[in-house]
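The data block below is query27.cif; it holds mmCIF, C-alpha atoms.
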data_final
#
loop_
_atom_site.label_atom_id
_atom_site.label_comp_id
_atom_site.auth_asym_id
_atom_site.auth_seq_id
_atom_site.Cartn_x
_atom_site.Cartn_y
_atom_site.Cartn_z
CA MET A 187 -17.03 29.82 -78.26
CA ASP A 188 -16.02 32.12 -81.06
CA LEU A 189 -14.99 30.30 -84.24
CA SER A 190 -14.82 32.15 -87.54
CA ALA A 191 -12.74 29.44 -89.23
CA LEU A 192 -10.96 26.32 -88.05
CA SER A 193 -7.19 25.91 -88.37
CA PRO A 194 -4.80 23.18 -87.20
CA SER A 195 -3.46 25.52 -84.52
CA ARG A 196 -6.97 26.17 -83.19
CA ILE A 197 -7.68 22.45 -83.06
CA ASN A 198 -4.45 21.70 -81.24
CA THR A 199 -4.98 24.58 -78.79
CA PHE A 200 -8.50 23.40 -77.96
CA LYS A 201 -7.29 19.81 -77.52
CA ASP A 202 -4.42 20.96 -75.28
CA CYS A 203 -6.46 23.33 -73.10
CA GLU A 204 -10.00 24.61 -73.59
CA LEU A 205 -9.36 27.65 -71.41
CA LYS A 206 -6.29 28.65 -73.43
CA TYR A 207 -8.51 28.54 -76.51
CA PHE A 208 -10.98 30.82 -74.70
CA LEU A 209 -8.24 33.32 -73.81
CA GLN A 210 -6.50 33.25 -77.16
CA TYR A 211 -9.32 32.99 -79.69
CA HIS A 212 -12.52 34.05 -77.91
CA LEU A 213 -11.24 36.92 -75.75
CA ARG A 214 -8.11 37.45 -77.86
CA LEU A 215 -6.25 38.41 -74.71
CA PRO A 216 -2.95 40.01 -75.78
CA GLU A 217 -0.90 38.14 -73.16
CA SER A 218 -1.96 34.80 -74.62
CA ARG A 219 -0.42 35.71 -77.98
CA GLU A 220 2.58 37.80 -77.01
CA SER A 221 5.77 37.40 -79.05
CA ASN A 222 8.47 35.06 -77.84
CA ILE A 223 11.96 34.22 -79.01
CA TYR A 224 10.95 30.83 -80.40
CA GLY A 225 8.08 32.12 -82.51
CA GLU A 226 10.07 35.08 -83.84
CA LYS A 227 13.04 32.91 -84.81
CA GLY A 228 10.68 30.56 -86.61
CA THR A 229 9.06 33.44 -88.50
CA ALA A 230 12.49 34.79 -89.47
CA GLY A 231 13.45 31.46 -91.03
CA HIS A 232 10.11 31.11 -92.80
CA GLU A 233 10.45 34.57 -94.35
CA CYS A 234 13.94 33.80 -95.68
CA LEU A 235 12.74 30.56 -97.27
CA GLU A 236 9.64 32.24 -98.71
CA PHE A 237 11.61 35.06 -100.34
CA TYR A 238 14.20 32.66 -101.73
CA GLY A 239 11.51 30.30 -103.04
CA ASN A 240 9.81 33.21 -104.81
CA HIS A 241 13.15 34.18 -106.33
CA ILE A 242 13.44 30.69 -107.82
CA ARG A 243 9.87 30.90 -109.13
CA VAL A 244 10.48 34.22 -110.89
CA GLN A 245 13.74 32.98 -112.36
CA ARG A 246 11.81 30.15 -113.99
CA ASP A 247 8.73 32.25 -114.85
CA PRO A 248 9.42 36.03 -115.08
CA SER A 249 5.70 36.73 -115.54
CA LEU A 250 5.25 36.11 -111.78
CA ALA A 251 7.40 39.12 -110.84
CA GLY A 252 4.45 41.49 -110.52
CA GLU A 253 2.37 39.08 -108.45
CA LEU A 254 5.24 38.43 -106.04
CA GLU A 255 6.60 41.98 -105.87
CA GLY A 256 8.07 42.79 -102.49
CA LYS A 257 8.46 39.12 -101.55
CA ILE A 258 11.40 38.17 -103.77
CA ASN A 259 15.04 38.07 -102.71
CA SER A 260 17.80 35.56 -103.44
CA ASP A 261 20.00 37.13 -100.75
CA TYR A 262 18.58 35.26 -97.77
CA VAL A 263 21.33 36.67 -95.55
CA GLN A 264 20.00 40.18 -96.19
CA VAL A 265 16.40 39.05 -95.67
CA LEU A 266 17.42 37.68 -92.27
CA LYS A 267 19.28 40.91 -91.41
CA ASP A 268 16.23 42.97 -92.34
CA TYR A 269 13.99 40.83 -90.15
CA TYR A 270 16.33 41.12 -87.18
CA ALA A 271 16.65 44.89 -87.60
CA LYS A 272 12.85 45.23 -87.82
CA THR A 273 11.94 43.06 -84.84
CA GLU A 274 15.04 43.17 -82.60
CA LEU A 275 14.00 39.66 -81.68
CA TRP A 276 17.15 38.89 -79.69
CA LYS A 277 15.77 41.13 -76.94
CA LEU A 278 13.10 38.48 -76.32
CA ASP A 279 15.74 35.94 -75.34
CA ASP A 280 15.39 34.76 -71.78
CA ARG A 281 17.86 32.50 -70.07
CA GLU A 282 15.35 31.99 -67.26
CA GLY A 283 12.89 30.35 -69.64
CA MET A 284 9.34 31.26 -70.54
CA ARG A 285 7.24 31.99 -67.43
CA GLY A 286 9.50 29.89 -65.23
CA GLY A 287 10.19 27.12 -67.75
CA LYS A 288 13.55 25.47 -68.33
CA PRO A 289 16.38 27.85 -69.34
CA LYS A 290 16.99 27.86 -73.10
CA GLY A 291 18.79 30.00 -75.61
CA TRP A 292 21.19 32.77 -74.75
CA PRO A 293 20.93 35.24 -71.87
CA HIS A 294 19.89 38.77 -72.71
CA PRO A 295 21.76 40.97 -72.95
CA VAL A 296 24.61 38.92 -74.44
CA GLU A 297 27.98 40.54 -73.80
CA LYS A 298 29.17 42.30 -76.94
CA ASN A 299 32.54 41.98 -78.66
CA CYS A 300 31.89 44.25 -81.63
CA GLU A 301 35.53 44.93 -82.49
CA ALA A 302 36.05 41.26 -83.36
CA CYS A 303 32.58 40.65 -84.85
CA PRO A 304 32.32 39.91 -88.60
CA TRP A 305 28.92 41.65 -88.66
CA ALA A 306 30.31 44.98 -87.43
CA THR A 307 31.53 47.38 -90.14
CA LYS A 308 34.58 49.61 -89.94
CA ASP A 309 32.16 52.51 -89.65
CA GLY A 310 30.82 51.14 -86.39
CA ILE A 311 27.53 49.75 -87.74
CA CYS A 312 26.07 46.44 -86.63
CA GLU A 313 24.88 44.89 -89.89
CA ILE A 314 22.37 42.70 -88.06
CA ALA A 315 20.67 45.48 -86.09
CA ASN A 316 21.36 48.06 -88.83
CA LYS A 317 22.45 50.72 -86.35
CA PRO A 318 25.65 51.86 -84.60
CA PHE A 319 26.80 48.91 -82.51
CA LYS A 320 27.49 51.19 -79.57
CA ILE A 321 23.74 51.73 -79.09
CA VAL A 322 22.62 48.15 -79.78
CA GLU A 323 21.16 46.60 -76.65
CA GLY A 324 22.74 43.22 -76.18
CA CYS A 325 24.21 41.18 -79.03
CA PRO A 326 22.09 39.68 -81.82
CA ARG A 327 24.93 37.57 -83.21
CA PRO A 328 24.27 34.20 -81.46
CA ASN A 329 20.61 34.02 -82.49
CA PHE A 330 21.31 35.44 -85.95
CA GLU A 331 24.05 32.94 -86.78
CA ASP A 332 21.90 30.12 -85.40
CA ASP A 333 19.04 31.05 -87.75
CA LEU A 334 21.37 31.69 -90.66
CA ALA A 335 22.93 28.24 -90.37
CA ILE A 336 19.48 26.61 -90.54
CA VAL A 337 18.34 28.65 -93.55
CA ASP A 338 21.65 28.21 -95.36
CA TRP A 339 21.53 24.43 -94.94
CA THR A 340 17.88 24.21 -96.03
CA ILE A 341 18.52 26.17 -99.22
CA ASN A 342 21.83 24.58 -100.21
CA THR A 343 21.59 20.98 -99.02
CA LYS A 344 21.78 18.25 -101.63
CA GLU A 345 20.21 15.80 -99.21
CA TYR A 346 16.74 17.40 -99.42
CA PRO A 347 16.89 19.75 -102.45
CA ILE A 348 13.32 21.00 -102.17
CA PHE A 349 13.79 24.03 -104.44
CA GLU A 350 14.96 21.95 -107.40
CA ASN A 351 11.39 20.87 -108.12
CA GLU A 352 8.85 23.14 -109.80
CA ILE A 353 7.45 25.48 -107.15
CA ILE A 354 3.67 25.84 -107.30
CA GLY A 355 3.41 28.23 -104.36
CA THR A 356 5.05 29.63 -101.24
CA GLU A 357 3.14 30.67 -98.10
CA VAL A 358 -0.13 29.68 -99.79
CA GLU A 359 -3.11 31.00 -97.80
CA PHE A 360 -6.40 29.15 -97.96
CA HIS A 361 -9.86 29.74 -96.48
CA LEU A 362 -12.38 27.16 -97.64
CA THR A 363 -15.98 26.35 -96.75
CA LEU A 364 -16.55 22.60 -96.56
CA GLU A 365 -19.73 20.55 -96.40
CA GLY A 366 -22.03 21.61 -93.59
CA GLY A 367 -20.58 25.12 -93.43
CA VAL A 368 -17.32 24.01 -91.79
CA GLU A 369 -14.68 26.63 -92.58
CA VAL A 370 -10.97 25.84 -92.59
CA ARG A 371 -8.03 28.14 -93.11
CA GLY A 372 -4.26 28.08 -92.89
CA VAL A 373 -1.00 28.81 -94.67
CA ILE A 374 1.00 26.15 -96.52
CA ASP A 375 4.72 26.95 -96.47
CA LEU A 376 5.71 25.35 -99.78
CA VAL A 377 4.01 23.39 -102.56
CA VAL A 378 6.17 21.72 -105.22
CA LYS A 379 5.44 19.59 -108.25
CA ILE A 380 7.36 16.30 -108.19
CA ASP A 381 6.08 15.11 -111.57
CA ASP A 382 2.96 15.43 -113.70
CA ASN A 383 1.00 13.25 -111.29
CA THR A 384 2.47 14.23 -107.91
CA ILE A 385 2.73 17.31 -105.71
CA GLU A 386 4.28 17.69 -102.27
CA ILE A 387 2.95 19.94 -99.50
CA ILE A 388 5.80 20.97 -97.19
CA ASP A 389 5.57 22.59 -93.78
CA TYR A 390 8.80 23.90 -92.24
CA LYS A 391 9.39 23.18 -88.56
CA THR A 392 12.19 25.21 -86.95
CA GLY A 393 11.94 23.89 -83.39
CA ASN A 394 13.80 21.08 -81.67
CA SER A 395 10.89 18.68 -81.20
CA THR A 396 9.93 16.23 -83.93
CA LYS A 397 7.07 13.85 -84.61
CA SER A 398 7.35 10.17 -85.41
CA TYR A 399 5.73 8.83 -88.56
CA ASN A 400 2.85 7.38 -86.54
CA ALA A 401 2.29 10.70 -84.76
CA ALA A 402 2.35 12.55 -88.09
CA LEU A 403 -0.40 10.26 -89.40
CA THR A 404 -2.78 11.61 -86.74
CA ASP A 405 -1.56 15.23 -86.82
CA PRO A 406 -4.46 17.63 -87.70
CA GLN A 407 -2.16 19.86 -89.74
CA MET A 408 -0.88 17.04 -91.94
CA ARG A 409 -4.34 15.63 -92.49
CA ILE A 410 -6.09 18.95 -93.15
CA TYR A 411 -3.34 20.14 -95.51
CA SER A 412 -3.62 16.92 -97.50
CA MET A 413 -7.41 17.23 -97.71
CA VAL A 414 -7.20 20.90 -98.71
CA ALA A 415 -4.47 20.29 -101.32
CA LYS A 416 -6.80 17.96 -103.20
CA LEU A 417 -9.38 20.74 -103.35
CA LEU A 418 -6.93 23.47 -104.36
CA TRP A 419 -4.98 21.40 -106.92
CA PRO A 420 -7.39 18.67 -108.08
CA ASP A 421 -5.50 17.64 -111.23
CA PHE A 422 -2.94 15.39 -109.53
CA ASP A 423 -3.12 11.72 -108.54
CA THR A 424 -0.72 11.66 -105.59
CA TYR A 425 -0.43 14.19 -102.75
CA ILE A 426 2.58 13.93 -100.46
CA THR A 427 2.49 15.83 -97.17
CA THR A 428 5.80 16.51 -95.41
CA LEU A 429 6.91 17.95 -92.09
CA TYR A 430 10.38 19.35 -92.74
CA TYR A 431 12.34 19.66 -89.49
CA VAL A 432 15.01 22.02 -90.76
CA ARG A 433 16.89 22.26 -87.45
CA LYS A 434 17.04 18.49 -87.09
CA LYS A 435 17.63 17.95 -90.84
CA ARG A 436 14.84 15.42 -90.95
CA MET A 437 11.67 14.89 -92.96
CA VAL A 438 8.52 13.01 -92.00
CA THR A 439 6.34 12.27 -95.01
CA CYS A 440 2.81 10.86 -95.25
CA VAL A 441 0.37 10.06 -98.04
CA PHE A 442 -3.34 10.08 -97.16
CA SER A 443 -5.99 8.17 -99.13
CA LYS A 444 -9.50 9.33 -100.01
CA ASP A 445 -10.80 7.28 -97.09
CA ASP A 446 -8.30 9.08 -94.85
CA ASP A 447 -9.68 12.39 -96.10
CA LYS A 448 -13.22 11.31 -95.23
CA GLY A 449 -12.01 10.60 -91.70
CA THR A 450 -10.21 13.95 -91.61
CA PHE A 451 -13.39 15.77 -92.59
CA LYS A 452 -15.44 13.95 -89.94
CA ALA A 453 -12.86 14.81 -87.28
CA THR A 454 -12.68 18.44 -88.46
CA ALA A 455 -16.47 18.77 -88.42
CA ARG A 456 -16.53 17.28 -84.92
CA HIS A 457 -13.95 19.82 -83.71
CA TRP A 458 -15.97 22.59 -85.37
CA SER A 459 -19.13 21.55 -83.51
CA ASN A 460 -17.39 20.95 -80.18
CA ILE A 461 -15.66 24.34 -80.13
CA LYS A 462 -18.74 26.30 -81.19
CA ALA A 463 -20.92 24.51 -78.63
CA ASN A 464 -18.46 24.88 -75.76
CA ASP A 465 -19.87 27.51 -73.40
CA GLU A 466 -17.75 26.68 -70.35
CA PRO A 467 -14.10 25.98 -71.19
CA TYR A 468 -12.48 23.46 -68.87
CA ARG A 469 -9.53 24.65 -66.77
CA PRO A 470 -6.94 22.01 -65.74
CA GLN A 471 -6.82 21.42 -62.00
CA ARG A 472 -3.03 21.73 -61.90
CA PRO A 473 -0.37 23.53 -63.98
CA PHE A 474 1.13 21.59 -66.88
CA TRP A 475 3.68 22.26 -69.64
CA LEU A 476 1.42 24.55 -71.69
CA CYS A 477 1.09 26.99 -68.78
CA ASN A 478 4.70 28.08 -69.49
CA PHE A 479 3.50 29.41 -72.85
CA CYS A 480 0.31 31.06 -71.63
CA VAL A 481 -0.70 33.59 -68.95
CA GLY A 482 0.02 31.14 -66.13
CA HIS A 483 -2.23 28.73 -64.22
CA ASP A 484 -3.06 31.12 -61.33
CA THR A 485 -3.80 34.02 -63.67
CA CYS A 486 -6.11 32.07 -65.97
CA GLY A 487 -8.14 31.01 -62.92
CA LYS A 488 -8.60 34.63 -61.89
CA ILE A 489 -9.69 35.54 -65.42
CA LYS A 490 -12.25 32.75 -65.57
CA ASP A 491 -13.63 33.80 -62.18
CA LYS A 492 -14.35 37.27 -63.56
CA PHE A 493 -17.02 35.77 -65.80
CA LYS A 494 -18.96 34.02 -63.05
CA ASP A 495 -22.36 35.22 -61.88
CA LYS A 496 -23.45 35.68 -58.25
CA ARG A 497 -24.19 31.98 -57.99
CA GLY A 498 -20.69 31.09 -59.12
CA ARG A 499 -21.74 29.87 -62.56
CA PHE A 500 -19.49 30.69 -65.53
CA ILE A 501 -21.20 32.85 -68.14
CA LEU A 502 -19.54 32.81 -71.56
CA PRO A 503 -19.25 36.48 -72.58
CA THR A 504 -20.95 37.37 -75.85
CA ILE A 505 -18.49 39.40 -77.89
CA GLU A 506 -20.22 41.84 -80.20
CA CYS A 507 -18.83 44.58 -82.37
CA ALA A 508 -19.66 48.02 -81.01
CA TYR A 509 -19.52 49.43 -84.55
CA LYS A 510 -21.45 46.80 -86.49
CA GLY A 511 -23.15 48.35 -89.49
CA ILE A 512 -20.96 51.46 -89.44
CA PRO A 513 -19.04 51.67 -92.74
CA PHE A 514 -15.29 52.12 -92.95
CA LYS A 515 -12.50 51.23 -95.33
CA GLY A 516 -13.02 47.47 -95.30
CA ASP A 517 -15.52 44.94 -94.06
CA CYS A 518 -16.68 44.27 -90.51
CA TRP A 519 -15.68 40.62 -90.51
CA GLY A 520 -17.30 37.98 -88.34
CA GLY A 521 -14.35 37.30 -86.08
CA LEU A 522 -14.44 39.57 -83.03
CA SER A 523 -11.59 40.93 -80.96
CA ALA A 524 -10.92 42.17 -77.46
CA GLU A 525 -7.39 43.23 -78.28
CA ASN A 526 -6.17 46.48 -76.78
CA PRO A 527 -2.50 46.05 -75.78
CA ASP A 528 -2.22 49.53 -74.27
CA SER A 529 -4.75 48.97 -71.50
CA VAL A 530 -5.97 45.37 -71.47
CA THR A 531 -4.11 42.99 -69.19
CA ALA A 532 -4.99 39.81 -67.39
CA ASP A 533 -5.52 41.92 -64.25
CA ASN A 534 -8.18 44.21 -65.69
CA VAL A 535 -9.91 41.92 -68.17
CA ASP A 536 -13.26 42.79 -66.57
CA LYS A 537 -12.86 46.37 -67.84
CA MET A 538 -12.54 45.36 -71.50
CA THR A 539 -15.00 46.57 -74.09
CA TYR A 540 -15.17 45.04 -77.51
CA ALA A 541 -14.92 45.89 -81.18
CA CYS A 542 -14.38 43.70 -84.21
CA SER A 543 -10.77 43.66 -85.26
CA GLY A 544 -11.83 44.87 -88.70
CA HIS A 545 -12.59 48.31 -87.28
CA LYS A 546 -9.16 48.33 -85.61
CA GLU A 547 -10.34 50.48 -82.73
CA ILE A 548 -11.49 49.65 -79.23
CA HIS A 549 -14.53 51.53 -78.00
CA LYS A 550 -13.62 53.46 -74.84
CA GLY A 551 -17.06 54.81 -74.00
CA GLY A 552 -16.97 57.76 -76.36
CA GLU A 553 -19.17 58.46 -79.36
CA TYR A 554 -18.19 56.85 -82.64
CA VAL A 555 -17.80 59.54 -85.33
CA PRO A 556 -17.11 58.41 -88.91
CA GLU A 557 -14.60 60.56 -90.78
CA PRO A 558 -15.56 62.00 -94.20
CA ASP A 559 -13.01 59.75 -95.96
CA GLY A 560 -14.47 56.63 -94.42
CA GLY A 561 -12.01 56.41 -91.53
CA GLU A 562 -13.01 56.22 -87.90
CA THR A 563 -12.46 58.20 -84.74
CA ILE A 564 -13.46 57.75 -81.11
CA ARG A 565 -14.44 60.96 -79.34
#
For this file, write the structure as structure tokens.
Amino acid sequence: MDLSALSPSRINTFKDCELKYFLQYHLRLPESRESNIYGEKGTAGHECLEFYGNHIRVQRDPSLAGELEGKINSDYVQVLKDYYAKTELWKLDDREGMRGGKPKGWPHPVEKNCEACPWATKDGICEIANKPFKIVEGCPRPNFEDDLAIVDWTINTKEYPIFENEIIGTEVEFHLTLEGGVEVRGVIDLVVKIDDNTIEIIDYKTGNSTKSYNAALTDPQMRIYSMVAKLLWPDFDTYITTLYYVRKKRMVTCVFSKDDDKGTFKATARHWSNIKANDEPYRPQRPFWLCNFCVGHDTCGKIKDKFKDKRGRFILPTIECAYKGIPFKGDCWGGLSAENPDSVTADNVDKMTYACSGHKEIHKGGEYVPEPDGGETIR
């Protein structure tokens, strides 16, 4: 199956369900990656902590201001307001649960009580939605205050004062090629220097579930981040890797040896080979918990059936860019996409045509005509 670079999330998805990997990363079916309240709330918290961490960095080293422009703000309350106004994430709340799962969160729409709300101005503006509260659909307050409490505690707690140490980086992206051509990529939430010999790699977790220490020791994310940190920052002796459960106010910390890293690489290379060589993703016989966060067990079966030949054999579709070799503003990268939210659904997946996501257009049967400025148009 398609694999441009390996990430902890890809590994975990493949281990959980091979067919979900096929839908999400090979076909890039929009329904398999649609926004949900849990993911959006997590992103909101991450953005607040990133902007605040960058503020601390620039305070200590003003020369970083240009590099971090647009991602600096000490007012995390305003950052959270801006994110809510931009995404209107509270509209994703669903008391019925995700695809029939257990009810969680608040019902949408939440009944409003704007006259008594501290986030409503005298001029009739909802500060969270940044619009007149009379036209705001539902009430963002419960989710907003829930997220704000988590961010506020994380920034101001004296129990785990993560921002008091020297900050090496926030939301650090990496894409490395390892031995044998194995490519790994990801984003590290926070890297801090404990002392001249020690750095800590921190990953924020905003959900309710937590891992035990023993589970963290085998977690692909923890192990890959530790291995990668030694490549990105080779001048330290000790590398601490931490899962920071900000909602639960709990940290799980591991230190991996060089021998551990050798095992991590072997496991990563094995996942790399297994995913690339998989030409018939296995579909679970019965629904299980992950189906609540995917297209649904019945639907994924119908999708897989669409790629069977007359003899009933599954044929892995070869995804190729319709515009390969045609120049545009950017590069035609190796990862391919079947994303077209306006017309592609699980019900008409057989009608999809493909283009690499670099070209940002889906071929609809018309002639590709490059624009004089290097843009692209379908006619």
Counting all atoms listed in the file, the residue of A:Ser221, A:Thr392, A:Thr450, A:Thr504 that sits nearest Leu334 of chain A: A:Thr392
What is the distance between atom CA of Arg456 of chain A and atom CA of Phe474 of chain A, in Å to one decimal? 25.6 Å
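Interatomic distance, atom CA of Thr229 of chain A against atom CA of Leu192 of chain A: 21.3 Å.
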Tell me which residues the PyMOL selection byres ((chain A and resi 258) around 6) grabs here, as an mmCIF file with C-alpha atoms, in the coordinates of the input.
data_model
loop_
_atom_site.group_PDB
_atom_site.id
_atom_site.type_symbol
_atom_site.label_atom_id
_atom_site.label_comp_id
_atom_site.auth_asym_id
_atom_site.auth_seq_id
_atom_site.Cartn_x
_atom_site.Cartn_y
_atom_site.Cartn_z
ATOM 1 C CA PHE A 237 11.610 35.060 -100.340
ATOM 2 C CA ASN A 240 9.810 33.210 -104.810
ATOM 3 C CA HIS A 241 13.150 34.180 -106.330
ATOM 4 C CA GLY A 256 8.070 42.790 -102.490
ATOM 5 C CA LYS A 257 8.460 39.120 -101.550
ATOM 6 C CA ASN A 259 15.040 38.070 -102.710
#
Need the shell around Tyr411 of chain A: protein/DNA/RNA residues with any atom at most 10 Å away, counting all atoms listed in the file. Skip same-chain ones fewer than 6 positions apart. Format as an MDAnalysis selection string? chainID A and resid 193:194 360 370:374 387:389 417 425:428
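Between Asn394 of chain A and the residues A:Phe422, A:Tyr224, A:Trp458, A:Tyr207, the shortest atom-to-atom distance, using all atoms listed in the file, involves A:Tyr224.
The residues that lie within 12 Å of the point (27.0, 48.7, -87.8), counting all atoms listed in the file, are Lys267, Ala271, Cys300, Glu301, Cys303, Pro304, Trp305, Ala306, Thr307, Lys308, Asp309, Gly310, Ile311, Cys312, Glu313, Ile314, Ala315, Asn316, Lys317, Pro318, Phe319, Lys320, Ile321, Val322, Cys325 and Pro326 of chain A.
One distance worth recording is that between atom CA of Cys486 of chain A and atom CA of Leu278 of chain A, which is 22.7 Å.
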List as a PyMOL selection string the residues having at least one atom at most 10 Å from position (21.5, 36.6, -96.2) as given in the file, counting all atoms listed in the file. chain A and resi 234+238+259-268+334+337-338
Would you put the residues from that selection into a file with C-alpha atoms, as a tab-separated table (two decimals), in the frame of the given file?
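Final output, again_7.tsv:
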chain	number	residue	atom	x	y	z
A	234	CYS	CA	13.94	33.80	-95.68
A	238	TYR	CA	14.20	32.66	-101.73
A	259	ASN	CA	15.04	38.07	-102.71
A	260	SER	CA	17.80	35.56	-103.44
A	261	ASP	CA	20.00	37.13	-100.75
A	262	TYR	CA	18.58	35.26	-97.77
A	263	VAL	CA	21.33	36.67	-95.55
A	264	GLN	CA	20.00	40.18	-96.19
A	265	VAL	CA	16.40	39.05	-95.67
A	266	LEU	CA	17.42	37.68	-92.27
A	267	LYS	CA	19.28	40.91	-91.41
A	268	ASP	CA	16.23	42.97	-92.34
A	334	LEU	CA	21.37	31.69	-90.66
A	337	VAL	CA	18.34	28.65	-93.55
A	338	ASP	CA	21.65	28.21	-95.36
Using the chain letters and numbers from the file, give me the residues hit by the PyMOL selection byres ((chain A and resi 350-359) around 8), as a PyMOL selection string. chain A and resi 236+239-240+242-243+347-349+360-361+371-380
Within 8 Å of Trp276 of chain A, counting all atoms listed in the file, which residues show up once you throw out same-chain ones fewer than 6 positions away? Write them as a compact mmCIF listing (two decimals) with C-alpha atoms, in the coordinates of the input, please.
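This went into selection-v2.txt:
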# COMPACT_ATOMS: atom_id res chain seq x y z
CA ILE A 223 11.96 34.22 -79.01
CA TYR A 270 16.33 41.12 -87.18
CA HIS A 294 19.89 38.77 -72.71
CA GLY A 324 22.74 43.22 -76.18
CA CYS A 325 24.21 41.18 -79.03
CA PRO A 326 22.09 39.68 -81.82
CA ASN A 329 20.61 34.02 -82.49
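Using only C-alpha atoms, the smallest distance between any of A:Ser249, A:Glu369, A:Trp339, A:Glu233 and Ser459 of chain A comes from A:Glu369.
Nearest to Val414 of chain A of all the residues A:Lys462, A:Arg436, A:Lys488, A:Lys448 is A:Lys448, based on only C-alpha atoms.
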On this structure, which residues satisfy the PyMOL selection byres ((chain A and resi 196) around 10), written as a compact mmCIF listing (two decimals) with C-alpha atoms, keeping the file's coordinate frame?
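part-v5.txt, written as the output of this step:
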# COMPACT_ATOMS: atom_id res chain seq x y z
CA LEU A 189 -14.99 30.30 -84.24
CA ALA A 191 -12.74 29.44 -89.23
CA LEU A 192 -10.96 26.32 -88.05
CA SER A 193 -7.19 25.91 -88.37
CA PRO A 194 -4.80 23.18 -87.20
CA SER A 195 -3.46 25.52 -84.52
CA ILE A 197 -7.68 22.45 -83.06
CA ASN A 198 -4.45 21.70 -81.24
CA THR A 199 -4.98 24.58 -78.79
CA PHE A 200 -8.50 23.40 -77.96
CA LYS A 201 -7.29 19.81 -77.52
CA ASP A 202 -4.42 20.96 -75.28
CA TYR A 207 -8.51 28.54 -76.51
CA GLN A 210 -6.50 33.25 -77.16
CA TYR A 211 -9.32 32.99 -79.69
CA PRO A 406 -4.46 17.63 -87.70
CA HIS A 457 -13.95 19.82 -83.71
CA TRP A 458 -15.97 22.59 -85.37
CA ILE A 461 -15.66 24.34 -80.13
Kindly compute an axis-aligned box around the listed atoms of segment 252-261 of chain A, allowing 8 Å on each side, and express its centre and edge lengths in Å to one decimal as AutoDock Vina command-line options.
--center_x 11.2 --center_y 39.2 --center_z -105.6 --size_x 33.6 --size_y 23.2 --size_z 25.8
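The smallest atom-to-atom distance between Asp491 of chain A and any of A:Lys277, A:Val244, A:Asn342, A:Leu205, using all atoms listed in the file, is found for A:Leu205.
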Considering all atoms listed in the file, return as a count of residues only whatever protein or nucleic-acid residues lie within 7 Å of Gly231 of chain A, sequence-local ones (same chain, fewer than 4 positions apart) excluded. 4
